[in-house]
>>> print(open('data.cif').read())   # mmCIF, N, CA and C atoms
data_upload
loop_
_atom_site.label_atom_id
_atom_site.label_comp_id
_atom_site.auth_asym_id
_atom_site.auth_seq_id
_atom_site.Cartn_x
_atom_site.Cartn_y
_atom_site.Cartn_z
N MET A 15 0.83 -1.20 0.00
CA MET A 15 0.00 0.00 0.00
C MET A 15 0.87 1.26 0.00
N GLY A 16 2.01 1.21 0.72
CA GLY A 16 2.90 2.36 0.78
C GLY A 16 3.47 2.71 -0.58
N ARG A 17 3.80 1.69 -1.37
CA ARG A 17 4.33 1.93 -2.71
C ARG A 17 3.29 2.56 -3.61
N ALA A 18 2.05 2.14 -3.45
CA ALA A 18 0.97 2.70 -4.27
C ALA A 18 0.80 4.19 -3.99
N LEU A 19 0.87 4.56 -2.71
CA LEU A 19 0.75 5.98 -2.36
C LEU A 19 1.93 6.77 -2.90
N ALA A 20 3.11 6.20 -2.81
CA ALA A 20 4.30 6.88 -3.32
C ALA A 20 4.20 7.06 -4.84
N ALA A 21 3.69 6.04 -5.53
CA ALA A 21 3.53 6.13 -6.98
C ALA A 21 2.49 7.18 -7.36
N MET A 22 1.40 7.27 -6.58
CA MET A 22 0.38 8.28 -6.84
C MET A 22 0.94 9.68 -6.62
N ALA A 23 1.71 9.84 -5.56
CA ALA A 23 2.31 11.15 -5.28
C ALA A 23 3.27 11.55 -6.38
N LYS A 24 4.02 10.58 -6.90
CA LYS A 24 4.97 10.86 -7.98
C LYS A 24 4.22 11.28 -9.25
N LYS A 25 3.10 10.62 -9.54
CA LYS A 25 2.31 10.97 -10.71
C LYS A 25 1.75 12.39 -10.59
N ARG A 26 1.30 12.75 -9.40
CA ARG A 26 0.77 14.10 -9.19
C ARG A 26 1.85 15.14 -9.45
N LYS A 27 3.05 14.88 -8.98
CA LYS A 27 4.14 15.83 -9.18
C LYS A 27 4.47 15.96 -10.65
N SER A 28 4.42 14.87 -11.39
CA SER A 28 4.79 14.93 -12.80
C SER A 28 3.74 15.67 -13.62
N LYS A 29 2.49 15.73 -13.16
CA LYS A 29 1.45 16.44 -13.88
C LYS A 29 1.48 17.94 -13.61
N ALA A 30 2.20 18.34 -12.59
CA ALA A 30 2.27 19.76 -12.25
C ALA A 30 2.94 20.52 -13.39
N LYS A 31 2.52 21.76 -13.58
CA LYS A 31 3.10 22.59 -14.63
C LYS A 31 4.56 22.88 -14.31
N PRO A 32 5.42 22.79 -15.30
CA PRO A 32 6.83 23.12 -15.04
C PRO A 32 6.97 24.61 -14.79
N GLU A 33 7.87 24.96 -13.89
CA GLU A 33 8.09 26.36 -13.58
C GLU A 33 8.79 27.03 -14.74
N LYS A 34 8.52 28.31 -14.93
CA LYS A 34 9.13 29.05 -16.01
C LYS A 34 10.63 29.20 -15.78
N GLN A 35 10.99 29.55 -14.55
CA GLN A 35 12.39 29.69 -14.19
C GLN A 35 12.58 29.13 -12.79
N LYS A 36 13.76 28.64 -12.54
CA LYS A 36 14.08 28.18 -11.20
C LYS A 36 14.45 29.39 -10.36
N ASP A 37 14.25 29.29 -9.05
CA ASP A 37 14.59 30.39 -8.16
C ASP A 37 16.07 30.74 -8.23
N ASP A 38 16.92 29.76 -8.53
CA ASP A 38 18.36 30.02 -8.63
C ASP A 38 18.69 30.91 -9.82
N ASP A 39 17.82 30.92 -10.84
CA ASP A 39 18.06 31.70 -12.05
C ASP A 39 17.60 33.15 -11.93
N LEU A 40 16.90 33.47 -10.86
CA LEU A 40 16.35 34.81 -10.70
C LEU A 40 17.33 35.72 -9.97
N VAL A 41 17.42 36.95 -10.47
CA VAL A 41 18.28 37.96 -9.85
C VAL A 41 17.39 39.15 -9.52
N GLY A 42 17.59 39.73 -8.37
CA GLY A 42 16.75 40.85 -7.97
C GLY A 42 17.55 42.12 -7.77
N LYS A 43 16.89 43.23 -7.99
CA LYS A 43 17.50 44.54 -7.78
C LYS A 43 16.39 45.50 -7.38
N ARG A 44 16.64 46.25 -6.35
CA ARG A 44 15.64 47.22 -5.90
C ARG A 44 15.85 48.53 -6.64
N ILE A 45 14.78 49.04 -7.24
CA ILE A 45 14.86 50.30 -7.97
C ILE A 45 13.77 51.24 -7.47
N GLN A 46 13.95 52.52 -7.73
CA GLN A 46 12.97 53.51 -7.29
C GLN A 46 12.43 54.27 -8.49
N PHE A 47 11.15 54.63 -8.42
CA PHE A 47 10.48 55.41 -9.46
C PHE A 47 9.90 56.65 -8.82
N ASP A 48 9.72 57.69 -9.63
CA ASP A 48 8.96 58.83 -9.12
C ASP A 48 7.49 58.40 -9.05
N ARG A 49 6.70 59.12 -8.29
CA ARG A 49 5.31 58.73 -8.01
C ARG A 49 4.49 58.58 -9.29
N ALA A 50 4.63 59.52 -10.23
CA ALA A 50 3.82 59.47 -11.46
C ALA A 50 4.14 58.21 -12.28
N THR A 51 5.42 57.87 -12.38
CA THR A 51 5.82 56.67 -13.12
C THR A 51 5.28 55.42 -12.43
N TRP A 52 5.41 55.37 -11.10
CA TRP A 52 4.91 54.22 -10.36
C TRP A 52 3.41 54.05 -10.53
N ASP A 53 2.67 55.15 -10.46
CA ASP A 53 1.22 55.09 -10.62
C ASP A 53 0.85 54.57 -12.01
N ALA A 54 1.59 55.00 -13.04
CA ALA A 54 1.32 54.52 -14.39
C ALA A 54 1.62 53.03 -14.53
N ILE A 55 2.72 52.58 -13.93
CA ILE A 55 3.08 51.16 -13.98
C ILE A 55 2.06 50.33 -13.21
N ASP A 56 1.65 50.82 -12.07
CA ASP A 56 0.66 50.12 -11.26
C ASP A 56 -0.66 49.98 -12.01
N LEU A 57 -1.08 51.05 -12.66
CA LEU A 57 -2.31 51.01 -13.45
C LEU A 57 -2.18 50.02 -14.61
N LEU A 58 -1.02 50.04 -15.27
CA LEU A 58 -0.78 49.10 -16.38
C LEU A 58 -0.86 47.65 -15.91
N THR A 59 -0.27 47.34 -14.75
CA THR A 59 -0.31 45.96 -14.26
C THR A 59 -1.74 45.51 -14.01
N ARG A 60 -2.55 46.42 -13.50
CA ARG A 60 -3.96 46.05 -13.26
C ARG A 60 -4.74 45.92 -14.55
N GLU A 61 -4.51 46.83 -15.50
CA GLU A 61 -5.22 46.76 -16.79
C GLU A 61 -4.85 45.50 -17.57
N GLN A 62 -3.59 45.12 -17.54
CA GLN A 62 -3.11 43.94 -18.27
C GLN A 62 -3.32 42.64 -17.50
N MET A 63 -3.75 42.76 -16.25
CA MET A 63 -3.94 41.61 -15.36
C MET A 63 -2.66 40.78 -15.28
N LYS A 64 -1.54 41.49 -15.13
CA LYS A 64 -0.23 40.86 -14.96
C LYS A 64 0.37 41.37 -13.67
N ASP A 65 1.33 40.63 -13.14
CA ASP A 65 2.00 41.12 -11.95
C ASP A 65 3.23 41.93 -12.35
N LEU A 66 3.82 42.62 -11.40
CA LEU A 66 4.94 43.50 -11.68
C LEU A 66 6.13 42.78 -12.33
N PRO A 67 6.52 41.59 -11.86
CA PRO A 67 7.63 40.90 -12.53
C PRO A 67 7.37 40.61 -14.02
N GLU A 68 6.14 40.28 -14.37
CA GLU A 68 5.82 40.03 -15.78
C GLU A 68 5.96 41.31 -16.61
N ILE A 69 5.46 42.41 -16.06
CA ILE A 69 5.53 43.69 -16.77
C ILE A 69 6.98 44.14 -16.93
N THR A 70 7.77 44.04 -15.87
CA THR A 70 9.16 44.49 -15.96
C THR A 70 9.98 43.58 -16.87
N GLU A 71 9.73 42.29 -16.84
CA GLU A 71 10.45 41.38 -17.73
C GLU A 71 10.17 41.72 -19.19
N GLU A 72 8.90 42.00 -19.50
CA GLU A 72 8.52 42.38 -20.85
C GLU A 72 9.20 43.70 -21.25
N ALA A 73 9.22 44.66 -20.33
CA ALA A 73 9.82 45.97 -20.62
C ALA A 73 11.32 45.85 -20.88
N PHE A 74 12.01 45.07 -20.05
CA PHE A 74 13.45 44.92 -20.24
C PHE A 74 13.78 44.11 -21.50
N ARG A 75 12.94 43.13 -21.83
CA ARG A 75 13.14 42.38 -23.06
C ARG A 75 13.00 43.30 -24.27
N ASP A 76 11.98 44.19 -24.24
CA ASP A 76 11.80 45.16 -25.32
C ASP A 76 12.97 46.14 -25.41
N LEU A 77 13.49 46.55 -24.26
CA LEU A 77 14.63 47.47 -24.22
C LEU A 77 15.88 46.82 -24.82
N LEU A 78 16.11 45.57 -24.48
CA LEU A 78 17.25 44.85 -25.06
C LEU A 78 17.11 44.73 -26.57
N GLU A 79 15.90 44.43 -27.02
CA GLU A 79 15.64 44.30 -28.46
C GLU A 79 15.88 45.63 -29.17
N LYS A 80 15.47 46.73 -28.55
CA LYS A 80 15.66 48.06 -29.12
C LYS A 80 17.13 48.34 -29.41
N TYR A 81 18.01 47.89 -28.53
CA TYR A 81 19.43 48.12 -28.69
C TYR A 81 20.18 46.94 -29.33
N GLY A 82 19.42 46.02 -29.92
CA GLY A 82 20.04 44.91 -30.64
C GLY A 82 20.69 43.89 -29.74
N ARG A 83 20.18 43.72 -28.56
CA ARG A 83 20.71 42.73 -27.61
C ARG A 83 19.65 41.68 -27.34
N SER A 84 20.07 40.58 -26.73
CA SER A 84 19.13 39.53 -26.39
C SER A 84 19.51 38.93 -25.04
N ALA A 85 18.51 38.60 -24.25
CA ALA A 85 18.74 37.94 -22.97
C ALA A 85 18.94 36.44 -23.17
N ASP A 86 18.49 35.93 -24.31
CA ASP A 86 18.59 34.51 -24.62
C ASP A 86 19.93 34.26 -25.31
N PHE A 87 20.71 33.31 -24.81
CA PHE A 87 22.04 33.04 -25.34
C PHE A 87 22.01 32.63 -26.80
N ARG A 88 21.11 31.74 -27.16
CA ARG A 88 21.04 31.27 -28.55
C ARG A 88 20.74 32.41 -29.52
N THR A 89 19.80 33.25 -29.14
CA THR A 89 19.44 34.38 -29.99
C THR A 89 20.61 35.34 -30.11
N ALA A 90 21.30 35.60 -29.00
CA ALA A 90 22.46 36.49 -29.02
C ALA A 90 23.55 35.92 -29.92
N LEU A 91 23.74 34.63 -29.89
CA LEU A 91 24.75 33.99 -30.74
C LEU A 91 24.39 34.13 -32.22
N LYS A 92 23.13 33.94 -32.54
CA LYS A 92 22.68 34.09 -33.93
C LYS A 92 22.86 35.53 -34.40
N MET A 93 22.51 36.49 -33.54
CA MET A 93 22.65 37.90 -33.90
C MET A 93 24.12 38.24 -34.14
N SER A 94 24.99 37.70 -33.31
CA SER A 94 26.42 37.93 -33.45
C SER A 94 26.95 37.35 -34.76
N ALA A 95 26.49 36.17 -35.11
CA ALA A 95 26.92 35.52 -36.35
C ALA A 95 26.44 36.32 -37.56
N ARG A 96 25.23 36.86 -37.49
CA ARG A 96 24.72 37.68 -38.60
C ARG A 96 25.56 38.94 -38.78
N LYS A 97 25.89 39.59 -37.66
CA LYS A 97 26.72 40.79 -37.73
C LYS A 97 28.09 40.48 -38.32
N ALA A 98 28.67 39.35 -37.94
CA ALA A 98 29.98 38.96 -38.48
C ALA A 98 29.89 38.67 -39.98
N ALA A 99 28.81 38.03 -40.40
CA ALA A 99 28.62 37.72 -41.82
C ALA A 99 28.46 39.00 -42.63
N LYS A 100 27.76 39.98 -42.09
CA LYS A 100 27.59 41.25 -42.80
C LYS A 100 28.91 41.99 -42.89
N ALA A 101 29.73 41.89 -41.86
CA ALA A 101 31.01 42.57 -41.84
C ALA A 101 31.98 41.97 -42.86
N ASP A 102 31.84 40.66 -43.10
CA ASP A 102 32.72 39.98 -44.07
C ASP A 102 32.40 40.34 -45.51
N LYS A 103 31.19 40.78 -45.78
CA LYS A 103 30.78 41.08 -47.18
C LYS A 103 31.38 42.33 -47.67
#
>>> encode(input="data.cif", output="structure tokens")
Amino acid sequence: MGRALAAMAKKRKSKAKPEKQKDDDLVGKRIQFDRATWDAIDLLTREQMKDLPEITEEAFRDLLEKYGRSADFRTALKMSARKAAKADK
């Protein structure tokens, strides 16, 4: 009976949704905003029904894209290879 319970518990764990990121992969930094900016961000989070980490992650991803950078290693490698290929022409 004990093995059956252990097997059921293992099955439940395997059906759980995989986490987007592990806690070890997360880095935190405390930043400050002026009141007007904070109020606008707070309103945006409520309108989009997202939490602050989701909004900030999206904003920083867009900022990196604006300057031709990528947070994803594979994408950054591809971008670098394209730049090198253009330079060789």
>>> resolve_selection(input="data.cif", expression="the PyMOL selection byres (((chain A and resi 82 and name CA) around 12) and name CA)", output="list of chain:residue names")
A:Arg75, A:Asp76, A:Leu77, A:Leu78, A:Glu79, A:Lys80, A:Tyr81, A:Arg83, A:Ser84, A:Ala85, A:Thr89, A:Ala90, A:Leu91, A:Lys92, A:Met93, A:Ser94, A:Arg96, A:Lys97
>>> write_last_selection(input="data.cif", atoms="N, CA and C atoms", output="tab-separated table (two decimals), keeping the file's coordinate frame")
chain	number	residue	atom	x	y	z
A	75	ARG	N	12.94	43.13	-21.83
A	75	ARG	CA	13.14	42.38	-23.06
A	75	ARG	C	13.00	43.30	-24.27
A	76	ASP	N	11.98	44.19	-24.24
A	76	ASP	CA	11.80	45.16	-25.32
A	76	ASP	C	12.97	46.14	-25.41
A	77	LEU	N	13.49	46.55	-24.26
A	77	LEU	CA	14.63	47.47	-24.22
A	77	LEU	C	15.88	46.82	-24.82
A	78	LEU	N	16.11	45.57	-24.48
A	78	LEU	CA	17.25	44.85	-25.06
A	78	LEU	C	17.11	44.73	-26.57
A	79	GLU	N	15.90	44.43	-27.02
A	79	GLU	CA	15.64	44.30	-28.46
A	79	GLU	C	15.88	45.63	-29.17
A	80	LYS	N	15.47	46.73	-28.55
A	80	LYS	CA	15.66	48.06	-29.12
A	80	LYS	C	17.13	48.34	-29.41
A	81	TYR	N	18.01	47.89	-28.53
A	81	TYR	CA	19.43	48.12	-28.69
A	81	TYR	C	20.18	46.94	-29.33
A	83	ARG	N	20.18	43.72	-28.56
A	83	ARG	CA	20.71	42.73	-27.61
A	83	ARG	C	19.65	41.68	-27.34
A	84	SER	N	20.07	40.58	-26.73
A	84	SER	CA	19.13	39.53	-26.39
A	84	SER	C	19.51	38.93	-25.04
A	85	ALA	N	18.51	38.60	-24.25
A	85	ALA	CA	18.74	37.94	-22.97
A	85	ALA	C	18.94	36.44	-23.17
A	89	THR	N	19.80	33.25	-29.14
A	89	THR	CA	19.44	34.38	-29.99
A	89	THR	C	20.61	35.34	-30.11
A	90	ALA	N	21.30	35.60	-29.00
A	90	ALA	CA	22.46	36.49	-29.02
A	90	ALA	C	23.55	35.92	-29.92
A	91	LEU	N	23.74	34.63	-29.89
A	91	LEU	CA	24.75	33.99	-30.74
A	91	LEU	C	24.39	34.13	-32.22
A	92	LYS	N	23.13	33.94	-32.54
A	92	LYS	CA	22.68	34.09	-33.93
A	92	LYS	C	22.86	35.53	-34.40
A	93	MET	N	22.51	36.49	-33.54
A	93	MET	CA	22.65	37.90	-33.90
A	93	MET	C	24.12	38.24	-34.14
A	94	SER	N	24.99	37.70	-33.31
A	94	SER	CA	26.42	37.93	-33.45
A	94	SER	C	26.95	37.35	-34.76
A	96	ARG	N	25.23	36.86	-37.49
A	96	ARG	CA	24.72	37.68	-38.60
A	96	ARG	C	25.56	38.94	-38.78
A	97	LYS	N	25.89	39.59	-37.66
A	97	LYS	CA	26.72	40.79	-37.73
A	97	LYS	C	28.09	40.48	-38.32
>>> atom_distance(input="data.cif", atom1="atom N of Ala101 in chain A", atom2="atom C of Phe74 in chain A")
26.0 Å
>>> atom_distance(input="data.cif", atom1="atom C of Lys43 in chain A", atom2="atom C of Phe87 in chain A")
24.0 Å
>>> select_by_dssp(input="data.cif", residues="range 56-90 of chain A", states="helix (DSSP H, G or I)", output="ChimeraX atom specification")
/A:56-62,66-80,87-90
>>> residues_around(input="data.cif", residues="range 54-68 of chain A", least_positions_apart="5", cutoff="12 Å", atoms="only C-alpha atoms", output="PyMOL selection string")
chain A and resi 34+40-43+47-49+73-75
>>> atom_distance(input="data.cif", atom1="CA of Arg88 in chain A", atom2="CA of Thr70 in chain A")
21.8 Å
